Amino acid sequence: MSDSNKEGKVDKNTLFVRGIPTNASKEQLSDFFSQFAPVKHAIIVTDKAEDSKGFGFVSFTSEDDSVLALAGAKAKKFNKVLLKVDIAKRRERKEKKASGEIAREKPKYDKESIEKRRPRLIVRNLPWSARSSQDLKEVFEKFGNVVDVIIPRKAGGRMSGFAFVTMRKQSGAEAAVAGSKDLKIDGREVQVELALEKEKFLEKKKVETKEESDDEDDDDDDDEDEVDEDGEIEDDEDEDEEDEDHKPNRQTPYCIFIRNLPYDASEETLQEHFEKFGPIRYALPVVDHNTGQAKGTGFVAFKNSQDYEDCLLNAPKPTSNSVLLPDEVSPLYVYQGRVLSIAPAVDRDSAGRLMERNEKKRQEALGKGEKDKRNIYLLHEGRISENSVLASLLTPADLKAREESYKLRVQQLNKNPTLHLSLTRLAIRNLPRAMTEKSLKALGRKAIVEFATELRQGKRNPFSKEELVRSSKHRFEMEGGNFQELLDEATTGHASVTLQKKNKKKGVVLQSKIITEVKGTGEQGRSRGYGFLEYRDHKHALMGLRWLNAHLVTPEEIFEGLNEDEKKSINMEGFSKRRLIVEFAIENAQVVRRRKEKAINFRKESLKRKADEMKKTEDELKAEAKKAEEDKKAEDVRQIIADKRRRKKRQKH
């Protein structure tokens with residue numbers, strides 16, 4: 001099969017998800033995958049009674065997003081269950097015969113097609129751990145006498161995922177096919193069929209109509225990935241020759257991929273180390289077959305899912321900022337003094353896509369990629385050329401100042417690769433000295449309202465689809481939530497109930513800041529005439545920039561949002577009307593990362609404090625309830641004693 005045909009059968013933007021709890025909804029599935037990448041849509045396949053079949057599909061806007069979600073979903077539980085996730089195959093329609101009937105079933109091998117010499121079996125879906133012919137022979141000897149076992153390998157010694165077993169008698173071969181329906185080897189279910197001679201197989205293959213395994217109308221078991229070993233055998237002289245056209249066998253279950261291994265790591269020491277987690281099926285350091293040198297990576301397959309999940313869930317997160325050994329890393333993840341990087345193993349195609357994605361990231365970080373990761377394109381946003389409509393409102397000195405500012409910003413970004421343009425933060429110059437941070441924030445809100453009004457009146461150009469998607473994606477990365485809801489809000493302007501609550505809590509302008517002079521005493525001085533506005537998302541930042549740029553600030557706007565006492569403190573002496581210069585702010589990536597980490601830590605501490613307060617309140621309530629109960633019991637005892645005394649007094653009288 002050619003590479004183009006293979007590519008055509010794979011839907012790289014969609015994931016095929018199995019093992020979904022039957023009580024899960026498609027909204028829950030979408031929310032789960034939304035934490036890894038923006039989800040386009042998610043479905044769970046149901047039967048005629050609308051009951052879940054336990055599998056479904058999740059689509060993303062790009063191949064990069066689907067690969068990212070694939071790796072993330074394999075390491076995190078959904079409703080306390082680890083899902084089985086793969087790149088989906090495209091649905092292939094069945095071809096119609098001349099009579100108009102659809103060929104749904106593959107022709108079955110009949111006895112006439114079986115070799116007339118010794119009968120042979122083909123065993124598909126063989127795990128990588130099945131390397132010994134003797135072990136395989138012992139498995140099939142319960143069905144009859146086994147003459148020979150061949151386990152073909154690919155170039156470099158790689159396993160092919162299938163084997164040939166030659167039986168002495170036809171009855172033994174038929175018994176093996178009949179008795180291997182649920183046969184498992186090393187915990188993996190295998191498929192056993194009678195093998196055909198090559199010529200007969202090719203003749204048979206011409207009339208077969210292949211069906212895709214991920215047909216939505218099929219059962220969950222039918223949605224397993226296909227194994228493409230062709231089940232053909234050649235003459236005795238050629239039977240050891242491997243078939244290079246075979247696809248790699250399916251991924252071994254409960255397998256992890258390890259980075260940062262020492263180059264002298266061996267199978268024995270690696271297995272001994274990971275047996276601390278639980279029983280191991282195999283441990284294999286990766287070796288370059290051309291040079292024979294270790295690559296510093298490896299694979300370990302566990303025998304049960306619980307050990308596999310525990311190993312992944314407790315693994316340390318890779319840190320890019322330090323090469324020092326973190327104190328909090330468990331000794332289970334330290335091998336010969338090295339902190340191991342552990343991830344779920346993926347099939348070869350997905351691994352290739354991850355490598356391509358990581359290489360793209362490296363190129364983008366160096367400024368050599370196709371994607372503008374530093375948002376350099378935003379330099380032109382707000383730039384006013386001599387031929388534009390706004391240029392007629394500006395003086396030559398103002399135009400010159402703007403052009404010099406543009407050249408200086410280009411020079412700064414070229415010199416320092418850690419600098420980038422913010423998507424949500426605006427730098428504003430030419431501010432009146434009398435303007436305060438409170439009035440600047442009010443002006444920022446006014447810009448949004450006025451821009452929206454002018455947009456409805458047709459005075460402003462609508463946003464492009466690219467701008468809306470970029471805004472939604474950035475907000476999703478910063479806040480999480482549901483990507484589709486964010487995109488709907490950006491496109492239509494109507495937010496869901498959840499987003500309305502979140503927006504009301506935050507507001508459209510997150511921060512306003514005016515840079516002031518600092519006196520020798522350390523006191524805050526007067527404004528320097530420039531400041532910053534931080535908006536909730538990129539769309540609103542664009543609205544603010546496009547309305548505020550070259551805007552003439554009025555005295556009314558300086559007093560807007562202030563109370564009477566604040567208005568009295570404003571000094572309007574020497575006030576002159578100025579047109580604002582508004583641009584996307586230049587930020588340092590390292591400073592932004594530290595600010596983000598600080599904000600995350602602050603939120604964590606805040607949540608912890610609230611949890612402690614709730615716990616304290618709960619403990620106090622329990623103590624109060626216990627004391628009240630004890631007081632009630634004491635009062636009841638006093639009441640009983642008092643009643644007895646009264647009865648005794650009455651008896652005496």
# chains A, B, ... in the order shown; residues from 1 in each chain; ligands from 1
$ residues_around --residues "segment 293-296 of chain A" --least-positions-apart "3" --cutoff "12 Å" --atoms "only C-alpha atoms" --output "VMD selection string"
chain A and resid 257 to 267 284 to 290 299 335 338 340 to 341
$ select_by_dssp --residues "segment 296-479 of chain A" --states "strand (DSSP E or B)" --output "VMD selection string"
chain A and resid 296 to 302 334 to 335 338 to 339 341 to 344 419 to 429
$ select_by_dssp --residues "segment 284-457 of chain A" --states "helix (DSSP H, G or I)" --output "PDB file with N, CA and C atoms, in the first residue's frame"
ATOM      1  N   SER A 305      -3.077  -3.109  34.327  1.00  0.00           N
ATOM      2  CA  SER A 305      -3.376  -1.697  34.091  1.00  0.00           C
ATOM      3  C   SER A 305      -3.136  -0.829  35.321  1.00  0.00           C
ATOM      4  N   GLN A 306      -3.377  -1.348  36.521  1.00  0.00           N
ATOM      5  CA  GLN A 306      -3.253  -0.528  37.724  1.00  0.00           C
ATOM      6  C   GLN A 306      -1.818  -0.046  37.929  1.00  0.00           C
ATOM      7  N   ASP A 307      -0.835  -0.938  37.742  1.00  0.00           N
ATOM      8  CA  ASP A 307       0.575  -0.548  37.882  1.00  0.00           C
ATOM      9  C   ASP A 307       0.958   0.470  36.812  1.00  0.00           C
ATOM     10  N   TYR A 308       0.447   0.254  35.601  1.00  0.00           N
ATOM     11  CA  TYR A 308       0.712   1.172  34.485  1.00  0.00           C
ATOM     12  C   TYR A 308       0.161   2.573  34.795  1.00  0.00           C
ATOM     13  N   GLU A 309      -1.073   2.621  35.295  1.00  0.00           N
ATOM     14  CA  GLU A 309      -1.703   3.907  35.607  1.00  0.00           C
ATOM     15  C   GLU A 309      -1.002   4.601  36.760  1.00  0.00           C
ATOM     16  N   ASP A 310      -0.624   3.851  37.795  1.00  0.00           N
ATOM     17  CA  ASP A 310       0.073   4.440  38.944  1.00  0.00           C
ATOM     18  C   ASP A 310       1.412   5.036  38.521  1.00  0.00           C
ATOM     19  N   CYS A 311       2.111   4.328  37.653  1.00  0.00           N
ATOM     20  CA  CYS A 311       3.413   4.799  37.177  1.00  0.00           C
ATOM     21  C   CYS A 311       3.272   6.118  36.417  1.00  0.00           C
ATOM     22  N   LEU A 312       2.242   6.216  35.575  1.00  0.00           N
ATOM     23  CA  LEU A 312       2.035   7.432  34.782  1.00  0.00           C
ATOM     24  C   LEU A 312       1.535   8.599  35.630  1.00  0.00           C
ATOM     25  N   LEU A 313       0.545   8.329  36.486  1.00  0.00           N
ATOM     26  CA  LEU A 313      -0.106   9.403  37.235  1.00  0.00           C
ATOM     27  C   LEU A 313       0.817  10.050  38.258  1.00  0.00           C
ATOM     28  N   PRO A 331      12.054   8.402  44.580  1.00  0.00           N
ATOM     29  CA  PRO A 331      13.184   7.556  44.138  1.00  0.00           C
ATOM     30  C   PRO A 331      12.786   6.556  43.051  1.00  0.00           C
ATOM     31  N   LEU A 332      11.479   6.244  42.956  1.00  0.00           N
ATOM     32  CA  LEU A 332      11.020   5.316  41.921  1.00  0.00           C
ATOM     33  C   LEU A 332      11.278   5.856  40.512  1.00  0.00           C
ATOM     34  N   TYR A 333      11.385   7.178  40.387  1.00  0.00           N
ATOM     35  CA  TYR A 333      11.573   7.797  39.080  1.00  0.00           C
ATOM     36  C   TYR A 333      12.997   8.308  38.880  1.00  0.00           C
ATOM     37  N   ARG A 348       3.612   3.959  16.127  1.00  0.00           N
ATOM     38  CA  ARG A 348       4.688   4.590  15.366  1.00  0.00           C
ATOM     39  C   ARG A 348       4.220   5.828  14.603  1.00  0.00           C
ATOM     40  N   ASP A 349       3.017   5.778  14.033  1.00  0.00           N
ATOM     41  CA  ASP A 349       2.517   6.927  13.281  1.00  0.00           C
ATOM     42  C   ASP A 349       2.346   8.137  14.191  1.00  0.00           C
ATOM     43  N   SER A 350       1.744   7.914  15.376  1.00  0.00           N
ATOM     44  CA  SER A 350       1.543   9.017  16.319  1.00  0.00           C
ATOM     45  C   SER A 350       2.871   9.545  16.833  1.00  0.00           C
ATOM     46  N   ALA A 351       3.831   8.639  17.068  1.00  0.00           N
ATOM     47  CA  ALA A 351       5.157   9.059  17.522  1.00  0.00           C
ATOM     48  C   ALA A 351       5.823   9.949  16.478  1.00  0.00           C
ATOM     49  N   GLY A 352       5.650   9.582  15.209  1.00  0.00           N
ATOM     50  CA  GLY A 352       6.215  10.396  14.135  1.00  0.00           C
ATOM     51  C   GLY A 352       5.605  11.779  14.096  1.00  0.00           C
ATOM     52  N   ARG A 353       4.284  11.841  14.297  1.00  0.00           N
ATOM     53  CA  ARG A 353       3.622  13.140  14.290  1.00  0.00           C
ATOM     54  C   ARG A 353       4.054  13.995  15.485  1.00  0.00           C
ATOM     55  N   LEU A 354       4.249  13.339  16.655  1.00  0.00           N
ATOM     56  CA  LEU A 354       4.728  14.068  17.835  1.00  0.00           C
ATOM     57  C   LEU A 354       6.132  14.627  17.601  1.00  0.00           C
ATOM     58  N   MET A 355       6.981  13.835  16.945  1.00  0.00           N
ATOM     59  CA  MET A 355       8.338  14.301  16.642  1.00  0.00           C
ATOM     60  C   MET A 355       8.295  15.514  15.716  1.00  0.00           C
ATOM     61  N   GLU A 356       7.429  15.438  14.702  1.00  0.00           N
ATOM     62  CA  GLU A 356       7.296  16.571  13.784  1.00  0.00           C
ATOM     63  C   GLU A 356       6.797  17.807  14.513  1.00  0.00           C
ATOM     64  N   ARG A 357       5.821  17.596  15.402  1.00  0.00           N
ATOM     65  CA  ARG A 357       5.258  18.721  16.162  1.00  0.00           C
ATOM     66  C   ARG A 357       6.310  19.359  17.064  1.00  0.00           C
ATOM     67  N   ASN A 358       7.104  18.529  17.748  1.00  0.00           N
ATOM     68  CA  ASN A 358       8.146  19.053  18.638  1.00  0.00           C
ATOM     69  C   ASN A 358       9.228  19.780  17.861  1.00  0.00           C
ATOM     70  N   GLU A 359       9.547  19.268  16.674  1.00  0.00           N
ATOM     71  CA  GLU A 359      10.539  19.941  15.837  1.00  0.00           C
ATOM     72  C   GLU A 359      10.020  21.308  15.386  1.00  0.00           C
ATOM     73  N   LYS A 360       8.724  21.362  15.060  1.00  0.00           N
ATOM     74  CA  LYS A 360       8.113  22.646  14.690  1.00  0.00           C
ATOM     75  C   LYS A 360       8.191  23.628  15.849  1.00  0.00           C
ATOM     76  N   LYS A 361       7.928  23.112  17.071  1.00  0.00           N
ATOM     77  CA  LYS A 361       7.997  23.972  18.259  1.00  0.00           C
ATOM     78  C   LYS A 361       9.404  24.545  18.442  1.00  0.00           C
ATOM     79  N   ARG A 362      10.408  23.677  18.259  1.00  0.00           N
ATOM     80  CA  ARG A 362      11.795  24.141  18.415  1.00  0.00           C
ATOM     81  C   ARG A 362      12.117  25.224  17.386  1.00  0.00           C
ATOM     82  N   GLN A 363      11.660  25.015  16.154  1.00  0.00           N
ATOM     83  CA  GLN A 363      11.920  26.004  15.109  1.00  0.00           C
ATOM     84  C   GLN A 363      11.201  27.314  15.399  1.00  0.00           C
ATOM     85  N   GLU A 364       9.961  27.192  15.911  1.00  0.00           N
ATOM     86  CA  GLU A 364       9.193  28.397  16.235  1.00  0.00           C
ATOM     87  C   GLU A 364       9.843  29.175  17.375  1.00  0.00           C
ATOM     88  N   ALA A 365      10.382  28.445  18.356  1.00  0.00           N
ATOM     89  CA  ALA A 365      11.039  29.098  19.486  1.00  0.00           C
ATOM     90  C   ALA A 365      12.273  29.871  19.029  1.00  0.00           C
ATOM     91  N   ILE A 376       4.691  38.781  15.993  1.00  0.00           N
ATOM     92  CA  ILE A 376       5.323  39.936  15.350  1.00  0.00           C
ATOM     93  C   ILE A 376       4.344  40.650  14.410  1.00  0.00           C
ATOM     94  N   TYR A 377       3.391  39.901  13.870  1.00  0.00           N
ATOM     95  CA  TYR A 377       2.419  40.495  12.937  1.00  0.00           C
ATOM     96  C   TYR A 377       1.623  41.633  13.579  1.00  0.00           C
ATOM     97  N   LEU A 378       1.540  41.621  14.929  1.00  0.00           N
ATOM     98  CA  LEU A 378       0.779  42.668  15.622  1.00  0.00           C
ATOM     99  C   LEU A 378       1.496  44.022  15.620  1.00  0.00           C
ATOM    100  N   LEU A 379       2.753  44.048  15.134  1.00  0.00           N
ATOM    101  CA  LEU A 379       3.462  45.336  15.016  1.00  0.00           C
ATOM    102  C   LEU A 379       2.698  46.301  14.105  1.00  0.00           C
ATOM    103  N   HIS A 380       2.059  45.746  13.092  1.00  0.00           N
ATOM    104  CA  HIS A 380       1.360  46.597  12.112  1.00  0.00           C
ATOM    105  C   HIS A 380      -0.017  47.039  12.608  1.00  0.00           C
ATOM    106  N   LEU A 390      -6.755  58.159   8.917  1.00  0.00           N
ATOM    107  CA  LEU A 390      -6.416  58.756  10.211  1.00  0.00           C
ATOM    108  C   LEU A 390      -5.251  59.740  10.126  1.00  0.00           C
ATOM    109  N   ALA A 391      -4.408  59.594   9.092  1.00  0.00           N
ATOM    110  CA  ALA A 391      -3.238  60.475   8.965  1.00  0.00           C
ATOM    111  C   ALA A 391      -3.646  61.934   8.814  1.00  0.00           C
ATOM    112  N   SER A 392      -4.820  62.154   8.231  1.00  0.00           N
ATOM    113  CA  SER A 392      -5.291  63.534   8.047  1.00  0.00           C
ATOM    114  C   SER A 392      -5.613  64.227   9.371  1.00  0.00           C
ATOM    115  N   LEU A 393      -5.832  63.443  10.433  1.00  0.00           N
ATOM    116  CA  LEU A 393      -6.140  64.016  11.742  1.00  0.00           C
ATOM    117  C   LEU A 393      -4.885  64.325  12.555  1.00  0.00           C
ATOM    118  N   PRO A 396       2.296  66.455  11.400  1.00  0.00           N
ATOM    119  CA  PRO A 396       3.526  65.797  10.907  1.00  0.00           C
ATOM    120  C   PRO A 396       4.419  65.306  12.049  1.00  0.00           C
ATOM    121  N   ALA A 397       4.470  66.071  13.138  1.00  0.00           N
ATOM    122  CA  ALA A 397       5.294  65.660  14.291  1.00  0.00           C
ATOM    123  C   ALA A 397       4.749  64.378  14.909  1.00  0.00           C
ATOM    124  N   ASP A 398       3.412  64.276  14.977  1.00  0.00           N
ATOM    125  CA  ASP A 398       2.772  63.076  15.535  1.00  0.00           C
ATOM    126  C   ASP A 398       3.051  61.847  14.661  1.00  0.00           C
ATOM    127  N   LEU A 399       2.944  62.038  13.342  1.00  0.00           N
ATOM    128  CA  LEU A 399       3.217  60.936  12.411  1.00  0.00           C
ATOM    129  C   LEU A 399       4.671  60.475  12.520  1.00  0.00           C
ATOM    130  N   LYS A 400       5.583  61.418  12.673  1.00  0.00           N
ATOM    131  CA  LYS A 400       7.004  61.111  12.791  1.00  0.00           C
ATOM    132  C   LYS A 400       7.280  60.319  14.077  1.00  0.00           C
ATOM    133  N   ALA A 401       6.620  60.742  15.171  1.00  0.00           N
ATOM    134  CA  ALA A 401       6.799  60.053  16.459  1.00  0.00           C
ATOM    135  C   ALA A 401       6.314  58.607  16.365  1.00  0.00           C
ATOM    136  N   ARG A 402       5.212  58.402  15.669  1.00  0.00           N
ATOM    137  CA  ARG A 402       4.664  57.049  15.522  1.00  0.00           C
ATOM    138  C   ARG A 402       5.601  56.159  14.689  1.00  0.00           C
ATOM    139  N   GLU A 403       6.159  56.721  13.613  1.00  0.00           N
ATOM    140  CA  GLU A 403       7.047  55.937  12.760  1.00  0.00           C
ATOM    141  C   GLU A 403       8.351  55.589  13.494  1.00  0.00           C
ATOM    142  N   GLU A 404       8.856  56.529  14.284  1.00  0.00           N
ATOM    143  CA  GLU A 404      10.067  56.266  15.066  1.00  0.00           C
ATOM    144  C   GLU A 404       9.806  55.182  16.119  1.00  0.00           C
ATOM    145  N   SER A 405       8.609  55.234  16.714  1.00  0.00           N
ATOM    146  CA  SER A 405       8.227  54.212  17.701  1.00  0.00           C
ATOM    147  C   SER A 405       8.178  52.833  17.045  1.00  0.00           C
ATOM    148  N   TYR A 406       7.638  52.763  15.827  1.00  0.00           N
ATOM    149  CA  TYR A 406       7.551  51.485  15.102  1.00  0.00           C
ATOM    150  C   TYR A 406       8.944  50.912  14.836  1.00  0.00           C
ATOM    151  N   LYS A 407       9.862  51.762  14.352  1.00  0.00           N
ATOM    152  CA  LYS A 407      11.223  51.304  14.041  1.00  0.00           C
ATOM    153  C   LYS A 407      11.955  50.839  15.293  1.00  0.00           C
ATOM    154  N   LEU A 408      11.751  51.568  16.416  1.00  0.00           N
ATOM    155  CA  LEU A 408      12.388  51.194  17.679  1.00  0.00           C
ATOM    156  C   LEU A 408      11.894  49.841  18.173  1.00  0.00           C
ATOM    157  N   ARG A 409      10.589  49.593  18.040  1.00  0.00           N
ATOM    158  CA  ARG A 409       9.998  48.318  18.479  1.00  0.00           C
ATOM    159  C   ARG A 409      10.533  47.154  17.630  1.00  0.00           C
ATOM    160  N   VAL A 410      10.653  47.379  16.304  1.00  0.00           N
ATOM    161  CA  VAL A 410      11.208  46.353  15.411  1.00  0.00           C
ATOM    162  C   VAL A 410      12.642  46.022  15.828  1.00  0.00           C
ATOM    163  N   GLN A 411      13.407  47.070  16.141  1.00  0.00           N
ATOM    164  CA  GLN A 411      14.804  46.886  16.551  1.00  0.00           C
ATOM    165  C   GLN A 411      14.895  46.093  17.867  1.00  0.00           C
ATOM    166  N   GLN A 412      14.025  46.404  18.828  1.00  0.00           N
ATOM    167  CA  GLN A 412      14.018  45.692  20.113  1.00  0.00           C
ATOM    168  C   GLN A 412      13.704  44.206  19.927  1.00  0.00           C
ATOM    169  N   LEU A 413      12.711  43.910  19.107  1.00  0.00           N
ATOM    170  CA  LEU A 413      12.304  42.522  18.892  1.00  0.00           C
ATOM    171  C   LEU A 413      13.368  41.723  18.137  1.00  0.00           C
ATOM    172  N   ASN A 414      14.097  42.384  17.224  1.00  0.00           N
ATOM    173  CA  ASN A 414      15.153  41.700  16.480  1.00  0.00           C
ATOM    174  C   ASN A 414      16.358  41.389  17.363  1.00  0.00           C
ATOM    175  N   LYS A 415      16.641  42.262  18.307  1.00  0.00           N
ATOM    176  CA  LYS A 415      17.809  42.086  19.174  1.00  0.00           C
ATOM    177  C   LYS A 415      17.583  41.041  20.258  1.00  0.00           C
ATOM    178  N   GLU A 437      -5.509  56.177  36.856  1.00  0.00           N
ATOM    179  CA  GLU A 437      -5.712  54.777  36.457  1.00  0.00           C
ATOM    180  C   GLU A 437      -7.199  54.439  36.418  1.00  0.00           C
ATOM    181  N   LYS A 438      -7.970  55.041  37.320  1.00  0.00           N
ATOM    182  CA  LYS A 438      -9.412  54.777  37.362  1.00  0.00           C
ATOM    183  C   LYS A 438     -10.104  55.320  36.112  1.00  0.00           C
ATOM    184  N   SER A 439      -9.719  56.523  35.703  1.00  0.00           N
ATOM    185  CA  SER A 439     -10.346  57.114  34.510  1.00  0.00           C
ATOM    186  C   SER A 439      -9.847  56.417  33.236  1.00  0.00           C
ATOM    187  N   LEU A 440      -8.588  55.921  33.256  1.00  0.00           N
ATOM    188  CA  LEU A 440      -8.082  55.171  32.101  1.00  0.00           C
ATOM    189  C   LEU A 440      -8.852  53.867  31.936  1.00  0.00           C
ATOM    190  N   LYS A 441      -9.174  53.209  33.068  1.00  0.00           N
ATOM    191  CA  LYS A 441      -9.952  51.969  33.009  1.00  0.00           C
ATOM    192  C   LYS A 441     -11.354  52.246  32.459  1.00  0.00           C
ATOM    193  N   ALA A 442     -11.946  53.364  32.896  1.00  0.00           N
ATOM    194  CA  ALA A 442     -13.275  53.743  32.392  1.00  0.00           C
ATOM    195  C   ALA A 442     -13.223  54.018  30.895  1.00  0.00           C
ATOM    196  N   LEU A 443     -12.120  54.645  30.437  1.00  0.00           N
ATOM    197  CA  LEU A 443     -11.958  54.924  29.007  1.00  0.00           C
ATOM    198  C   LEU A 443     -11.798  53.621  28.224  1.00  0.00           C
ATOM    199  N   GLY A 444     -11.086  52.660  28.821  1.00  0.00           N
ATOM    200  CA  GLY A 444     -10.928  51.353  28.176  1.00  0.00           C
ATOM    201  C   GLY A 444     -12.258  50.648  27.992  1.00  0.00           C
ATOM    202  N   ARG A 445     -13.139  50.734  29.002  1.00  0.00           N
ATOM    203  CA  ARG A 445     -14.480  50.127  28.885  1.00  0.00           C
ATOM    204  C   ARG A 445     -15.324  50.867  27.845  1.00  0.00           C
ATOM    205  N   LYS A 446     -15.197  52.191  27.836  1.00  0.00           N
ATOM    206  CA  LYS A 446     -15.955  52.990  26.873  1.00  0.00           C
ATOM    207  C   LYS A 446     -15.568  52.629  25.434  1.00  0.00           C
ATOM    208  N   ALA A 447     -14.280  52.354  25.219  1.00  0.00           N
ATOM    209  CA  ALA A 447     -13.798  51.998  23.876  1.00  0.00           C
ATOM    210  C   ALA A 447     -14.505  50.749  23.355  1.00  0.00           C
ATOM    211  N   ILE A 448     -14.757  49.786  24.233  1.00  0.00           N
ATOM    212  CA  ILE A 448     -15.420  48.537  23.825  1.00  0.00           C
ATOM    213  C   ILE A 448     -16.862  48.817  23.422  1.00  0.00           C
ATOM    214  N   VAL A 449     -17.548  49.598  24.237  1.00  0.00           N
ATOM    215  CA  VAL A 449     -18.962  49.914  23.961  1.00  0.00           C
ATOM    216  C   VAL A 449     -19.095  50.689  22.654  1.00  0.00           C
ATOM    217  N   GLU A 450     -18.230  51.689  22.463  1.00  0.00           N
ATOM    218  CA  GLU A 450     -18.312  52.526  21.261  1.00  0.00           C
ATOM    219  C   GLU A 450     -17.949  51.742  20.001  1.00  0.00           C
ATOM    220  N   PHE A 451     -16.938  50.887  20.110  1.00  0.00           N
ATOM    221  CA  PHE A 451     -16.544  50.084  18.948  1.00  0.00           C
ATOM    222  C   PHE A 451     -17.683  49.151  18.547  1.00  0.00           C
ATOM    223  N   ALA A 452     -18.332  48.514  19.535  1.00  0.00           N
ATOM    224  CA  ALA A 452     -19.440  47.593  19.247  1.00  0.00           C
ATOM    225  C   ALA A 452     -20.596  48.333  18.578  1.00  0.00           C
ATOM    226  N   THR A 453     -20.855  49.558  19.049  1.00  0.00           N
ATOM    227  CA  THR A 453     -21.927  50.373  18.448  1.00  0.00           C
ATOM    228  C   THR A 453     -21.601  50.695  16.997  1.00  0.00           C
ATOM    229  N   GLU A 454     -20.372  51.135  16.740  1.00  0.00           N
ATOM    230  CA  GLU A 454     -19.959  51.487  15.375  1.00  0.00           C
ATOM    231  C   GLU A 454     -19.938  50.249  14.466  1.00  0.00           C
ATOM    232  N   LEU A 455     -19.643  49.097  15.051  1.00  0.00           N
ATOM    233  CA  LEU A 455     -19.642  47.851  14.275  1.00  0.00           C
ATOM    234  C   LEU A 455     -21.063  47.512  13.818  1.00  0.00           C
ATOM    235  N   ARG A 456     -22.040  47.681  14.720  1.00  0.00           N
ATOM    236  CA  ARG A 456     -23.449  47.420  14.365  1.00  0.00           C
ATOM    237  C   ARG A 456     -23.954  48.411  13.315  1.00  0.00           C
TER     238      ARG A 456
END
$ residues_around --residues "Ser132 of chain A" --least-positions-apart "5" --cutoff "12 Å" --atoms "only C-alpha atoms" --output "list in words"
Leu126, Pro127, Lys137, Glu138, Val139, Val149, Ile150, Ile151, Pro152, Met159, Ala163 and Ile185 of chain A
$ residues_around --residues "Asn416 of chain A" --least-positions-apart "6" --cutoff "12 Å" --atoms "only C-alpha atoms" --output "list of chain:residue names"
A:Leu366, A:Gly367, A:Arg374, A:Arg409, A:Val410, A:Ile586, A:Glu587, A:Asn588, A:Ala589, A:Gln590
$ residues_around --residues "segment 529-546 of chain A" --least-positions-apart "5" --cutoff "8 Å" --atoms "only C-alpha atoms" --output "compact mmCIF listing (two decimals) with C-alpha atoms, in the first residue's frame"
# COMPACT_ATOMS: atom_id res chain seq x y z
CA GLY A 382 -2.31 50.46 15.06
CA LEU A 423 -2.24 39.56 22.66
CA THR A 424 -4.21 41.31 25.42
CA ARG A 425 -2.04 44.12 26.83
CA LEU A 426 -1.98 47.58 25.19
CA ALA A 427 0.74 50.22 25.59
CA ILE A 428 -0.76 53.73 25.49
CA ARG A 429 1.26 56.95 25.07
CA ASN A 430 0.34 60.64 24.85
CA LEU A 431 -1.93 60.32 27.89
CA PRO A 432 -2.95 63.63 29.54
CA ARG A 433 -1.00 64.13 32.79
CA LEU A 440 -8.08 55.17 32.10
CA LYS A 441 -9.95 51.97 33.01
CA GLY A 444 -10.93 51.35 28.18
CA ALA A 447 -13.80 52.00 23.88
CA ILE A 448 -15.42 48.54 23.83
CA PHE A 451 -16.54 50.08 18.95
CA ALA A 452 -19.44 47.59 19.25
CA GLU A 467 -8.84 36.84 14.69
CA LEU A 468 -11.85 35.27 16.43
CA ARG A 470 -6.96 33.29 17.79
CA SER A 471 -8.77 35.17 20.55
CA SER A 472 -10.75 32.11 21.66
CA HIS A 474 -5.61 32.26 23.67
CA ARG A 475 -8.35 32.62 26.27
CA ALA A 490 -16.36 35.68 20.15
CA LYS A 506 -13.67 39.54 35.90
CA GLY A 507 -14.88 42.44 33.76
CA VAL A 508 -13.71 43.34 30.26
CA VAL A 509 -10.73 45.43 31.47
CA LEU A 510 -8.56 43.42 33.85
CA GLN A 511 -6.01 46.11 34.70
CA SER A 512 -5.11 49.73 34.03
CA LYS A 513 -1.72 51.13 34.96
CA ILE A 514 -0.19 54.58 34.55
CA ILE A 515 3.58 54.98 34.91
CA VAL A 582 -1.88 52.84 21.10
CA GLU A 583 0.10 49.67 20.33
CA PHE A 584 0.27 46.07 21.54
CA ALA A 585 2.72 46.01 24.44
$ residues_around --residues "Leu121 of chain A" --least-positions-apart "2" --cutoff "6 Å" --atoms "only C-alpha atoms" --output "list in words"
Phe164, Val165, Glu193, Leu194 and Ala195 of chain A
$ write_last_selection --atoms "C-alpha atoms" --output "PDB file, in the first residue's frame"
ATOM      1  CA  PHE A 164       3.493 -19.075  11.432  1.00  0.00           C
ATOM      2  CA  VAL A 165       2.765 -22.371  13.253  1.00  0.00           C
ATOM      3  CA  GLU A 193      -6.415 -18.583  10.959  1.00  0.00           C
ATOM      4  CA  LEU A 194      -5.399 -21.200   8.410  1.00  0.00           C
ATOM      5  CA  ALA A 195      -2.656 -19.842   6.158  1.00  0.00           C
TER       6      ALA A 195
END
$ atom_distance --atom1 "atom CA of His551 of chain A" --atom2 "atom CA of Lys567 of chain A"
22.1 Å
$ atom_distance --atom1 "atom CA of Asp11 of chain A" --atom2 "atom CA of Lys89 of chain A"
5.4 Å
$ closest_residue --among "A:Lys40, A:Arg609, A:Arg594, A:Arg153" --to "Ser66 of chain A" --atoms "only C-alpha atoms"
A:Lys40
$ closest_residue --among "A:Val85, A:Ala173, A:Val190, A:Ala71" --to "Ala130 of chain A" --atoms "only C-alpha atoms"
A:Val190
